[in-house]
Amino acid sequence: MAKAFFRLQKFLRRTQFLLFFLTAAYLMAGSLLLLQRTRLIIQQGSRGTPTNQALPVPEEMGRVGIIDPRTLQSPRPGPRLLVGMDALQEPALDQQHSPHWLLSRNLELRQLRRRWFHRFTSDQEPLQTAGLKAMKHTAEHKGTYMGCFTHDSRERTLKGAVFYDLRKMTVAHCQEACAERAYSYAGLAHGAECYCGNALPAAAARPEECSSECRGEKGSVCGGVNRLSVYSLEQLRAAAGPRRNVIYRGCFRAPENLTDIFPASLIQPNLTVEMCSEFCSKKEFPLAVIRGQECHCGYPTRRFSLRQGMDGLRCSGTRNASSTAEGEHCLVYQTPVQDTRCTDRKFLTTKSKVFVALSSFPGAGNTWARHLIEHATGYYTGSYYFDGALYNKGFKGEKDHWRSRRTICVKTHESGKTEIEMFDSAILLIRNPYKSLMAEFNRKYAGHLGYATDRNWKSKEWPDFVNSYASWWASHVLEWLKYGKRLLVVHYEELKQSLIPKLKEMVEFLNVTVTEDRLLCVENNRDGNFKRSGAKQKNFEPFTQEMKDLINRYILTVDEALRGRNFSGLPREYVPR
């Protein structure tokens, strides 16, 4: 007995010593990690975070769900990243997407995540003069570097298209994006902004004032603070060919006095579509209008809104040939030039007195609605979350705190009583649940602009997704109808079909006055950069009869609830299949 007790005592002493040793080692390792992390933050704060380095995401924050950790990684660079293609190419890894998980997120962790995100996405400071020795205008760029010029965002010299990529901007991306749209010059500013135009800026600046390193390309200059690094694109435009992205808009009745409506005109014997489009592109107009030997350039206006197209047979010839319309009708083409009358946006100058939500179920077109609202009102929209991909593509309200009241409205997918009652009013965006579920499943596995693969649809994840998210679609609408203080219900399908009338309702609800021409500009840029890329499956039906029965019951419930609150019911196409 004594021998056994002695062995036990010896074992406990060894175990105690081992635990003490492991605890000391753990504390030392933690201290070293903390020192290393502090040093990293100090270094990044002084020179900016390298743009080609994946940012470290704490595991517990990745589980909170405010930002998918994949959005803070740098995907493989490519020209399509700049022009609005998907920035999230890898499939989603987390399986915690469900209404119960989303509603139970902790506010304190969300705020911690926001502060962490601000730290790592803060704008880079201009590089010091000593660092300029390493900077260069890369030789492989096909454009010709014209120099450093002054830049005023309110009175831009390069008045064409504008692109943002706050993590992956390169000189090549900017050049290719502007060349594809038939512009003669590309200018880069602040390391992340790309401006296109056909007139070289008049006011030159000192070369050293263009000192911002491109966010996506070490060693290359992308302008500076209120400074543009400008490149000529003649070589790229010549390689792209004479007919770049010219879109046929239709045959329309020609208004009286075309020269009064359109700012630029050309009379040319044997006029072709290519000739007219090239002429209007150089003049920086988005529309090319052809009548006989006349070519007119301009914008959609109240006198020429492009809303009532005519039978194509009324226009002579075919739209693929060089023949043109004559007499009372004209052919209209969309040039590669962007309509920039509605692209200027800013934060509210004073805090909004009314806190407005833009609420929707995921996959219901919230990002597209934000695009329309921002361009119609000229003010940024905010977000209850932080989506790094959207921020990098120009939604600057993503970085602003959602309660700052500096944005015209705030995106949210929340549907709890507390989360709803904090808003004074809301635009409730509703989409057909069949389409919403497919859109959200595509986003989950292929990002904002991609499509899920056949393997994803045939996996067990799809049935589980439908069972979880279908009930969320219904509960989201029902709870906003129950707790929302002042609501404007907008159906995605009606907004898509009657854009300007529905957008007018939304703008008036936001208490903003806009001009008709600005709304027409929004209509001309209605898609923005938010159409999914890649081949879409035709006649694709992922829903089983059991899924349809489940979804149809929710549709009837929501329709009845809307009518009970004196709103119009769901559109006919929602009717159970």
# chains A, B, ... in the order shown; residues from 1 in each chain; ligands from 1
>>> residues_around(residues="Arg341 (chain A)", least_positions_apart="4", cutoff="12 Å", atoms="only C-alpha atoms", output="list of chain:residue names")
A:Lys159, A:Gly160, A:Ala161, A:Val162, A:Glu284, A:Phe285, A:Pro286, A:Gly298, A:Tyr299, A:Pro300, A:Thr301, A:Val337, A:Arg345, A:His375, A:Ala376, A:Thr377, A:Gly378, A:Val514, A:Thr515, A:Glu516, A:Asp517, A:Arg518, A:Leu519, A:Leu520, A:Cys521, A:Val522, A:Glu523, A:Asn524, A:Asn525
>>> write_last_selection(atoms="C-alpha atoms", output="compact mmCIF listing (two decimals), in the first residue's frame")
# COMPACT_ATOMS: atom_id res chain seq x y z
CA LYS A 159 -14.69 63.58 -67.60
CA GLY A 160 -15.30 60.05 -68.79
CA ALA A 161 -15.75 56.81 -66.88
CA VAL A 162 -14.51 56.42 -63.31
CA GLU A 284 -17.32 61.68 -74.89
CA PHE A 285 -21.02 61.04 -75.48
CA PRO A 286 -22.77 57.76 -74.65
CA GLY A 298 -25.58 63.21 -76.91
CA TYR A 299 -27.41 61.87 -73.87
CA PRO A 300 -30.90 60.55 -73.17
CA THR A 301 -33.07 63.56 -72.24
CA VAL A 337 -18.46 55.94 -73.23
CA ARG A 345 -21.40 60.91 -55.12
CA HIS A 375 -26.50 57.52 -58.64
CA ALA A 376 -29.99 59.03 -58.45
CA THR A 377 -29.44 61.02 -55.24
CA GLY A 378 -25.70 61.66 -55.47
CA VAL A 514 -33.48 65.03 -58.41
CA THR A 515 -33.71 66.15 -62.01
CA GLU A 516 -35.26 64.15 -64.82
CA ASP A 517 -31.95 64.10 -66.68
CA ARG A 518 -30.22 62.52 -63.69
CA LEU A 519 -32.82 59.76 -63.55
CA LEU A 520 -32.36 59.17 -67.27
CA CYS A 521 -28.63 58.92 -66.65
CA VAL A 522 -29.30 56.27 -64.00
CA GLU A 523 -31.48 54.40 -66.48
CA ASN A 524 -28.66 54.59 -69.02
CA ASN A 525 -26.31 53.07 -66.40
>>> closest_residue(among="A:Tyr248, A:Cys210, A:Leu266, A:Ser359", to="Leu306 (chain A)", atoms="only C-alpha atoms")
A:Tyr248
>>> atom_distance(atom1="CA of Ile427 (chain A)", atom2="CA of Gly564 (chain A)")
18.2 Å
>>> closest_residue(among="A:Glu505, A:Arg291, A:Pro571, A:Thr157", to="Leu556 (chain A)", atoms="only C-alpha atoms")
A:Pro571
>>> atom_distance(atom1="CA of Leu228 (chain A)", atom2="CA of Gly388 (chain A)")
25.0 Å
>>> closest_residue(among="A:Tyr434, A:Tyr380, A:Phe279, A:Tyr185", to="Leu233 (chain A)", atoms="only C-alpha atoms")
A:Tyr185
>>> closest_residue(among="A:Glu374, A:Glu461, A:Asp527, A:Glu193", to="Glu213 (chain A)", atoms="only C-alpha atoms")
A:Glu193
>>> select_by_dssp(residues="region 353-577 of chain A", states="strand (DSSP E or B)", output="ChimeraX atom specification")
/A:356-360,379,382-383,410-412,425-430,487-491
>>> write_last_selection(atoms="C-alpha atoms", output="CSV table (one decimal), in the first residue's frame")
chain,number,residue,atom,x,y,z
A,356,VAL,CA,-33.6,55.1,-43.1
A,357,ALA,CA,-32.9,51.4,-43.8
A,358,LEU,CA,-32.7,49.7,-47.2
A,359,SER,CA,-33.9,46.3,-46.0
A,360,SER,CA,-34.1,43.1,-48.0
A,379,TYR,CA,-25.2,60.4,-51.9
A,382,GLY,CA,-24.2,52.8,-45.8
A,383,SER,CA,-24.2,49.2,-44.7
A,410,VAL,CA,-28.3,51.9,-44.7
A,411,LYS,CA,-28.3,48.4,-46.1
A,412,THR,CA,-29.5,45.6,-43.8
A,425,SER,CA,-38.3,54.4,-41.7
A,426,ALA,CA,-37.3,51.8,-44.3
A,427,ILE,CA,-37.5,50.8,-48.0
A,428,LEU,CA,-38.4,47.1,-47.9
A,429,LEU,CA,-37.2,45.4,-51.1
A,430,ILE,CA,-38.9,42.1,-51.9
A,487,LEU,CA,-42.3,51.5,-44.9
A,488,LEU,CA,-42.1,51.8,-48.6
A,489,VAL,CA,-42.5,48.4,-50.1
A,490,VAL,CA,-40.7,47.9,-53.5
A,491,HIS,CA,-40.8,44.7,-55.5
>>> closest_residue(among="A:Gly143, A:His401, A:Pro463, A:Ile420", to="Gln545 (chain A)", atoms="only C-alpha atoms")
A:Pro463
>>> closest_residue(among="A:Glu217, A:Asp464, A:Glu546, A:Asp344", to="Glu155 (chain A)", atoms="only C-alpha atoms")
A:Asp344
>>> select_by_dssp(residues="region 397-480 of chain A", states="helix (DSSP H, G or I)", output="number ranges by chain")
A: 397-398, 417-421, 433-446, 454-458, 461-480
>>> write_last_selection(atoms="N, CA and C atoms", output="compact mmCIF listing (two decimals), in the first residue's frame")
# COMPACT_ATOMS: atom_id res chain seq x y z
N GLY A 397 -19.50 54.05 -48.68
CA GLY A 397 -20.28 54.02 -47.45
C GLY A 397 -20.08 52.75 -46.66
N GLU A 398 -19.51 51.70 -47.29
CA GLU A 398 -19.23 50.46 -46.58
C GLU A 398 -18.27 50.69 -45.42
N LYS A 417 -36.71 42.40 -33.84
CA LYS A 417 -37.48 43.55 -33.35
C LYS A 417 -36.57 44.72 -33.00
N THR A 418 -35.49 44.45 -32.26
CA THR A 418 -34.58 45.52 -31.87
C THR A 418 -33.91 46.15 -33.08
N GLU A 419 -33.46 45.31 -34.02
CA GLU A 419 -32.76 45.81 -35.20
C GLU A 419 -33.69 46.62 -36.11
N ILE A 420 -34.97 46.33 -36.10
CA ILE A 420 -35.92 47.05 -36.95
C ILE A 420 -36.31 48.38 -36.32
N GLU A 421 -36.58 48.37 -35.02
CA GLU A 421 -37.10 49.57 -34.37
C GLU A 421 -36.05 50.67 -34.21
N PRO A 433 -39.06 34.67 -54.09
CA PRO A 433 -38.17 33.82 -53.28
C PRO A 433 -37.40 32.80 -54.11
N TYR A 434 -37.98 32.32 -55.19
CA TYR A 434 -37.26 31.38 -56.04
C TYR A 434 -36.00 32.02 -56.60
N LYS A 435 -36.14 33.27 -57.07
CA LYS A 435 -34.98 33.99 -57.62
C LYS A 435 -34.02 34.40 -56.52
N SER A 436 -34.54 34.81 -55.37
CA SER A 436 -33.69 35.25 -54.27
C SER A 436 -32.83 34.11 -53.75
N LEU A 437 -33.44 32.94 -53.58
CA LEU A 437 -32.69 31.80 -53.07
C LEU A 437 -31.57 31.40 -54.02
N MET A 438 -31.87 31.41 -55.32
CA MET A 438 -30.83 31.06 -56.29
C MET A 438 -29.73 32.11 -56.31
N ALA A 439 -30.11 33.39 -56.23
CA ALA A 439 -29.10 34.47 -56.25
C ALA A 439 -28.19 34.40 -55.03
N GLU A 440 -28.77 34.14 -53.86
CA GLU A 440 -27.96 34.07 -52.65
C GLU A 440 -27.07 32.83 -52.65
N PHE A 441 -27.57 31.72 -53.20
CA PHE A 441 -26.75 30.52 -53.29
C PHE A 441 -25.58 30.75 -54.26
N ASN A 442 -25.84 31.44 -55.36
CA ASN A 442 -24.76 31.81 -56.28
C ASN A 442 -23.74 32.68 -55.59
N ARG A 443 -24.21 33.67 -54.81
CA ARG A 443 -23.28 34.56 -54.12
C ARG A 443 -22.45 33.80 -53.10
N LYS A 444 -23.07 32.87 -52.42
CA LYS A 444 -22.37 32.13 -51.39
C LYS A 444 -21.23 31.31 -51.96
N TYR A 445 -21.43 30.75 -53.16
CA TYR A 445 -20.41 29.87 -53.73
C TYR A 445 -19.60 30.49 -54.86
N ALA A 446 -20.01 31.65 -55.37
CA ALA A 446 -19.26 32.24 -56.49
C ALA A 446 -19.16 33.75 -56.40
N ASP A 454 -22.41 23.16 -61.14
CA ASP A 454 -23.34 22.03 -61.08
C ASP A 454 -23.09 21.20 -59.83
N ARG A 455 -21.84 21.09 -59.47
CA ARG A 455 -21.50 20.31 -58.28
C ARG A 455 -22.11 20.92 -57.03
N ASN A 456 -22.12 22.25 -56.95
CA ASN A 456 -22.74 22.92 -55.81
C ASN A 456 -24.23 22.66 -55.75
N TRP A 457 -24.89 22.78 -56.91
CA TRP A 457 -26.34 22.61 -56.94
C TRP A 457 -26.75 21.17 -56.61
N LYS A 458 -25.93 20.20 -56.98
CA LYS A 458 -26.28 18.80 -56.77
C LYS A 458 -25.82 18.28 -55.41
N GLU A 461 -25.82 20.51 -49.82
CA GLU A 461 -25.91 21.87 -49.29
C GLU A 461 -27.15 22.59 -49.82
N TRP A 462 -27.52 22.32 -51.07
CA TRP A 462 -28.65 23.02 -51.67
C TRP A 462 -29.97 22.72 -50.96
N PRO A 463 -30.35 21.49 -50.71
CA PRO A 463 -31.59 21.24 -49.96
C PRO A 463 -31.57 21.84 -48.56
N ASP A 464 -30.43 21.74 -47.88
CA ASP A 464 -30.32 22.33 -46.55
C ASP A 464 -30.47 23.85 -46.61
N PHE A 465 -29.88 24.43 -47.64
CA PHE A 465 -29.95 25.89 -47.84
C PHE A 465 -31.41 26.32 -48.02
N VAL A 466 -32.15 25.62 -48.87
CA VAL A 466 -33.54 25.98 -49.13
C VAL A 466 -34.38 25.85 -47.87
N ASN A 467 -34.21 24.78 -47.15
CA ASN A 467 -35.00 24.57 -45.93
C ASN A 467 -34.76 25.67 -44.90
N SER A 468 -33.53 26.16 -44.82
CA SER A 468 -33.20 27.19 -43.85
C SER A 468 -33.59 28.58 -44.34
N TYR A 469 -33.26 28.89 -45.59
CA TYR A 469 -33.42 30.25 -46.08
C TYR A 469 -34.85 30.57 -46.53
N ALA A 470 -35.62 29.58 -46.93
CA ALA A 470 -36.99 29.85 -47.36
C ALA A 470 -37.82 30.44 -46.22
N SER A 471 -37.66 29.89 -45.02
CA SER A 471 -38.38 30.43 -43.87
C SER A 471 -37.89 31.83 -43.52
N TRP A 472 -36.59 32.06 -43.74
CA TRP A 472 -36.04 33.39 -43.46
C TRP A 472 -36.63 34.42 -44.41
N TRP A 473 -36.80 34.05 -45.68
CA TRP A 473 -37.40 34.98 -46.64
C TRP A 473 -38.75 35.47 -46.14
N ALA A 474 -39.58 34.55 -45.64
CA ALA A 474 -40.91 34.92 -45.15
C ALA A 474 -40.82 35.71 -43.85
N SER A 475 -40.02 35.24 -42.89
CA SER A 475 -39.95 35.91 -41.59
C SER A 475 -39.37 37.31 -41.71
N HIS A 476 -38.47 37.52 -42.67
CA HIS A 476 -37.89 38.85 -42.86
C HIS A 476 -38.98 39.86 -43.22
N VAL A 477 -39.84 39.52 -44.18
CA VAL A 477 -40.91 40.44 -44.59
C VAL A 477 -41.92 40.60 -43.46
N LEU A 478 -42.33 39.51 -42.84
CA LEU A 478 -43.35 39.56 -41.79
C LEU A 478 -42.92 40.42 -40.61
N GLU A 479 -41.66 40.32 -40.21
CA GLU A 479 -41.21 41.09 -39.06
C GLU A 479 -41.06 42.57 -39.38
N TRP A 480 -40.65 42.89 -40.60
CA TRP A 480 -40.58 44.31 -40.97
C TRP A 480 -41.98 44.90 -41.08
>>> residues_around(residues="Arg227 (chain A)", least_positions_apart="6", cutoff="9 Å", atoms="only C-alpha atoms", output="short mmCIF file (atom, residue, chain, number, x, y, z; two decimals) with N, CA and C atoms, in the first residue's frame")
data_model
loop_
_atom_site.label_atom_id
_atom_site.label_comp_id
_atom_site.auth_asym_id
_atom_site.auth_seq_id
_atom_site.Cartn_x
_atom_site.Cartn_y
_atom_site.Cartn_z
N CYS A 148 2.56 64.09 -64.82
CA CYS A 148 1.76 64.28 -63.62
C CYS A 148 0.95 65.57 -63.77
N PHE A 149 -0.34 65.50 -63.48
CA PHE A 149 -1.22 66.65 -63.68
C PHE A 149 -2.08 66.87 -62.43
N THR A 150 -2.57 68.10 -62.28
CA THR A 150 -3.47 68.40 -61.16
C THR A 150 -4.83 67.76 -61.40
N HIS A 151 -5.52 67.48 -60.29
CA HIS A 151 -6.80 66.77 -60.38
C HIS A 151 -7.76 67.34 -59.35
N ASP A 152 -8.94 67.74 -59.82
CA ASP A 152 -10.01 68.22 -58.94
C ASP A 152 -11.21 67.32 -59.18
N LEU A 188 -4.63 58.06 -63.22
CA LEU A 188 -4.74 57.38 -61.92
C LEU A 188 -4.45 58.35 -60.79
N ALA A 189 -5.23 58.25 -59.71
CA ALA A 189 -5.08 59.13 -58.57
C ALA A 189 -5.23 58.35 -57.27
N HIS A 190 -4.59 58.83 -56.21
CA HIS A 190 -4.72 58.27 -54.85
C HIS A 190 -4.36 56.79 -54.78
N ALA A 205 1.68 69.21 -63.09
CA ALA A 205 2.22 69.27 -61.74
C ALA A 205 3.65 68.75 -61.74
N GLU A 209 5.13 65.05 -57.26
CA GLU A 209 3.83 65.14 -56.59
C GLU A 209 2.96 63.92 -56.88
N CYS A 210 3.26 63.18 -57.93
CA CYS A 210 2.60 61.90 -58.19
C CYS A 210 3.42 60.84 -57.46
N SER A 211 3.07 60.57 -56.23
CA SER A 211 3.92 59.74 -55.37
C SER A 211 3.19 58.58 -54.71
#
